[in-house]
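Shown next, in structure tokens, is the structure this report addresses.
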Amino acid sequence: MYHIKNINDPQKEIITITDYCNTGNDYKPRVDFNLTYSDKGFHIHFDVFETNPRATFTENFSPVCEDSCVEWFVNFNPDITSRYFNFEVNSNGAMDLSFRLSRDEYVNTTNDDIKSLGIVTKINEDVWTVDYTVPFEFIKKYIENYEFKIGTVLKGNVYKCGDNTEFEHYGCWGMVDRDAPDFHTPQYFKEMIIE
């Protein structure tokens with residue numbers, strides 16, 4: 001279980017993606033993911049150890065999973081909903097985001113929703129980073145009865161992919177089917193507790 005700490009807690013927990021689906025190549029870039037919270041919302045940080053990430057899409061709601069992409073899929077409170085959000089972002093800061101029951105059943109979000117996250121990306125020589133904040137008000141827009149509480153257990157997964165990169169790759173925190181990767185599989189989500 002992942003422990004979500006206050007943003008001011010010096011003992012922040014890191015998830016490192018090292019488990020990759022079988023694509024016939026050995027491309028497995030390391031990804032570190034950190035999730036914290038404040039009185040504003042949940043704060044997400046990715047370090048992606050990859051040079052020259054493919055970054056063709058610049059508009060939100062583009063298929064950024066075809067680029068070098070990091071993703072966080074999360075159900076903020078499984079006790080009150082079975083729906084989850086899929087936050088998918090490339091190194092340009094372009095995001096695809098919806099509120100889902102499955103790959104095929106979902107509710108669209110808006111450009112204003114994505115703007116409210118304040119996405120910041122940086123590309124350095126050997127690493128690119130992503131930072132954004134998911135405001136509690138955004139969550140409440142889609143989950144009417146949502147309330148932030150210490151002790152709540154979220155369910156989610158963290159991914160690294162690149163469908164159309166030079167070396168196709170699919171990395172996961174909670175492993176999905178290795179031969180036919182499908183990230184829209186909530187049965188593979190893992191627990192994340194707010195402390």
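Chain labels follow the order of the structure tokens: the first chain is A, the next B, and so on; residue numbering restarts at 1 in every chain, and ligands are counted from 1 in their shown order.
Across stretch 1-143 of chain A, DSSP run on the backbone finds alpha helix (DSSP H) at Asn111, Asp112, Asp113, Ile114, Lys115, Phe136, Glu137, Phe138, Ile139, Lys140, Lys141 and Tyr142 of chain A.
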- Task: Run DSSP on the backbone and give me the residues of stretch 7-135 of chain A it puts in strand (DSSP E or B), as a PyMOL selection string.
- Result: chain A and resi 14-17+19-20+31-37+41-48+69-75+84-90+95-100+106-108+120-123+128-135
Per residue of stretch 67-142 of chain A within 6 Å of stretch 149-165 of chain A, note the shortest atom pair and the distance in Å to one decimal, counting only C-alpha atoms, and order the rows by chain and increasing residue number, as a Markdown table.
| residue | atom | partner | partner_atom | distance |
| --- | --- | --- | --- | --- |
| A:Asp67 | CA | A:Gly162 | CA | 5.2 |
| A:Ser68 | CA | A:Gly162 | CA | 4.6 |
| A:Cys69 | CA | A:Cys161 | CA | 5.3 |
| A:Val70 | CA | A:Lys160 | CA | 4.6 |
| A:Glu71 | CA | A:Tyr159 | CA | 4.9 |
| A:Trp72 | CA | A:Val158 | CA | 4.7 |
| A:Phe73 | CA | A:Gly156 | CA | 5.3 |
| A:Val74 | CA | A:Gly156 | CA | 4.1 |
| A:Asn75 | CA | A:Lys155 | CA | 5.2 |
| A:Phe76 | CA | A:Leu154 | CA | 4.9 |
| A:Asn77 | CA | A:Leu154 | CA | 5.5 |
Saved selection, atoms kept: C-alpha atoms, as a CSV table (one decimal), in the first residue's frame:
chain,number,residue,atom,x,y,z
A,67,ASP,CA,3.9,10.1,-27.2
A,68,SER,CA,6.2,9.5,-24.3
A,69,CYS,CA,3.6,9.7,-21.6
A,70,VAL,CA,3.1,9.2,-17.9
A,71,GLU,CA,-0.3,8.4,-16.4
A,72,TRP,CA,-2.1,8.3,-13.1
A,73,PHE,CA,-5.4,6.5,-13.0
A,74,VAL,CA,-7.3,6.9,-9.7
A,75,ASN,CA,-10.5,6.3,-7.9
A,76,PHE,CA,-10.5,8.9,-5.2
A,77,ASN,CA,-13.1,7.1,-3.0
Closest atom pairs, residues of stretch 54-103 of chain A within 9 Å of stretch 168-191 of chain A, only C-alpha atoms, as CSV:
residue,atom,partner,partner_atom,distance
A:Phe73,CA,A:Phe189,CA,8.2
A:Val74,CA,A:Phe189,CA,8.0
A:Asn75,CA,A:Pro186,CA,8.8
A:Ser82,CA,A:Pro186,CA,9.0
A:Tyr84,CA,A:Pro186,CA,8.2
A:Asn86,CA,A:His184,CA,8.6
A:Arg100,CA,A:His184,CA,8.9
A:Leu101,CA,A:Pro186,CA,8.7
A:Ser102,CA,A:His184,CA,6.0
A:Arg103,CA,A:His184,CA,5.4
Saved selection, atoms kept: N, CA and C atoms, as a short mmCIF file (atom, residue, chain, number, x, y, z; two decimals), in the first residue's frame:
data_model
loop_
_atom_site.label_atom_id
_atom_site.label_comp_id
_atom_site.auth_asym_id
_atom_site.auth_seq_id
_atom_site.Cartn_x
_atom_site.Cartn_y
_atom_site.Cartn_z
N PHE A 73 -4.03 6.80 -13.01
CA PHE A 73 -5.44 6.46 -13.00
C PHE A 73 -5.83 6.30 -11.54
N VAL A 74 -6.94 6.94 -11.12
CA VAL A 74 -7.26 6.92 -9.69
C VAL A 74 -8.75 7.00 -9.44
N ASN A 75 -9.20 6.19 -8.50
CA ASN A 75 -10.53 6.30 -7.91
C ASN A 75 -10.32 6.94 -6.55
N SER A 82 -17.52 3.76 -8.33
CA SER A 82 -16.63 2.80 -9.00
C SER A 82 -15.92 3.47 -10.18
N TYR A 84 -13.28 6.14 -12.07
CA TYR A 84 -11.90 6.61 -11.88
C TYR A 84 -11.57 7.68 -12.92
N ASN A 86 -8.59 9.23 -15.44
CA ASN A 86 -7.32 8.90 -16.10
C ASN A 86 -6.61 10.20 -16.48
N ARG A 100 -14.17 7.82 -15.72
CA ARG A 100 -14.53 6.58 -16.39
C ARG A 100 -15.08 5.49 -15.49
N LEU A 101 -15.86 4.62 -16.12
CA LEU A 101 -16.17 3.30 -15.57
C LEU A 101 -15.29 2.24 -16.22
N SER A 102 -14.89 2.50 -17.47
CA SER A 102 -14.09 1.55 -18.24
C SER A 102 -13.48 2.29 -19.42
N ARG A 103 -12.76 1.55 -20.25
CA ARG A 103 -12.20 2.15 -21.47
C ARG A 103 -13.29 2.77 -22.33
#
- Query: If you count only C-alpha atoms, which residues fall within 8 Å of A:Ile7, apart from same-chain ones fewer than 2 positions away, as an MDAnalysis selection string?
  - Reply: chainID A and resid 5 9 12 36:38 43
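With distances restricted to only C-alpha atoms, A:Asn124 is the closest residue to A:Pro53 from A:Ser98, A:Asn124, A:Asn22, A:Asn6.
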Interface rows for stretch 52-126 of chain A against stretch 134-142 of chain A: nearest pair, Å to one decimal, 10 Å, only C-alpha atoms, as a tab-separated table:
residue	atom	partner	partner_atom	distance
A:Phe76	CA	A:Ile139	CA	8.0
A:Arg83	CA	A:Tyr142	CA	9.6
A:Phe85	CA	A:Ile139	CA	9.3
A:Phe87	CA	A:Val134	CA	9.8
A:Phe99	CA	A:Tyr142	CA	7.7
A:Val107	CA	A:Tyr142	CA	9.1
A:Thr109	CA	A:Tyr142	CA	9.0
A:Asp113	CA	A:Phe138	CA	6.9
A:Ile114	CA	A:Val134	CA	9.1
A:Ser116	CA	A:Pro135	CA	7.5
A:Leu117	CA	A:Val134	CA	5.4
A:Gly118	CA	A:Val134	CA	8.6
A:Ile119	CA	A:Val134	CA	9.7
Save the residues we just selected, N, CA and C atoms, as a PDB file, in the first residue's frame?
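File out_36.pdb, as written:
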ATOM      1  N   PHE A  76     -10.808   8.171  -6.368  1.00  0.00           N
ATOM      2  CA  PHE A  76     -10.525   8.924  -5.152  1.00  0.00           C
ATOM      3  C   PHE A  76     -11.277   8.408  -3.928  1.00  0.00           C
ATOM      4  N   ARG A  83     -16.137   4.764 -10.349  1.00  0.00           N
ATOM      5  CA  ARG A  83     -15.503   5.503 -11.442  1.00  0.00           C
ATOM      6  C   ARG A  83     -14.095   5.973 -11.062  1.00  0.00           C
ATOM      7  N   PHE A  85     -10.582   8.490 -12.590  1.00  0.00           N
ATOM      8  CA  PHE A  85     -10.042   9.476 -13.522  1.00  0.00           C
ATOM      9  C   PHE A  85      -8.784   8.904 -14.173  1.00  0.00           C
ATOM     10  N   PHE A  87      -5.547  10.502 -15.723  1.00  0.00           N
ATOM     11  CA  PHE A  87      -4.712  11.674 -15.994  1.00  0.00           C
ATOM     12  C   PHE A  87      -3.536  11.191 -16.841  1.00  0.00           C
ATOM     13  N   PHE A  99     -13.462  10.895 -16.888  1.00  0.00           N
ATOM     14  CA  PHE A  99     -13.978  10.263 -15.675  1.00  0.00           C
ATOM     15  C   PHE A  99     -14.687   8.999 -16.123  1.00  0.00           C
ATOM     16  N   VAL A 107     -17.138   9.890 -18.978  1.00  0.00           N
ATOM     17  CA  VAL A 107     -17.660  11.254 -19.037  1.00  0.00           C
ATOM     18  C   VAL A 107     -16.492  12.157 -19.398  1.00  0.00           C
ATOM     19  N   THR A 109     -14.209  15.442 -19.507  1.00  0.00           N
ATOM     20  CA  THR A 109     -13.927  16.632 -18.713  1.00  0.00           C
ATOM     21  C   THR A 109     -13.759  17.808 -19.682  1.00  0.00           C
ATOM     22  N   ASP A 113     -11.176  22.305 -16.767  1.00  0.00           N
ATOM     23  CA  ASP A 113     -10.772  21.334 -15.743  1.00  0.00           C
ATOM     24  C   ASP A 113      -9.262  21.113 -15.790  1.00  0.00           C
ATOM     25  N   ILE A 114      -8.743  20.891 -16.991  1.00  0.00           N
ATOM     26  CA  ILE A 114      -7.305  20.624 -17.126  1.00  0.00           C
ATOM     27  C   ILE A 114      -6.497  21.851 -16.737  1.00  0.00           C
ATOM     28  N   SER A 116      -7.212  23.949 -14.541  1.00  0.00           N
ATOM     29  CA  SER A 116      -7.244  24.087 -13.079  1.00  0.00           C
ATOM     30  C   SER A 116      -6.156  23.255 -12.390  1.00  0.00           C
ATOM     31  N   LEU A 117      -5.553  22.313 -13.105  1.00  0.00           N
ATOM     32  CA  LEU A 117      -4.507  21.460 -12.530  1.00  0.00           C
ATOM     33  C   LEU A 117      -3.149  22.146 -12.483  1.00  0.00           C
ATOM     34  N   GLY A 118      -2.966  23.211 -13.283  1.00  0.00           N
ATOM     35  CA  GLY A 118      -1.699  23.943 -13.276  1.00  0.00           C
ATOM     36  C   GLY A 118      -0.514  23.086 -13.684  1.00  0.00           C
ATOM     37  N   ILE A 119      -0.631  22.369 -14.787  1.00  0.00           N
ATOM     38  CA  ILE A 119       0.416  21.440 -15.223  1.00  0.00           C
ATOM     39  C   ILE A 119       1.691  22.191 -15.586  1.00  0.00           C
TER      40      ILE A 119
END
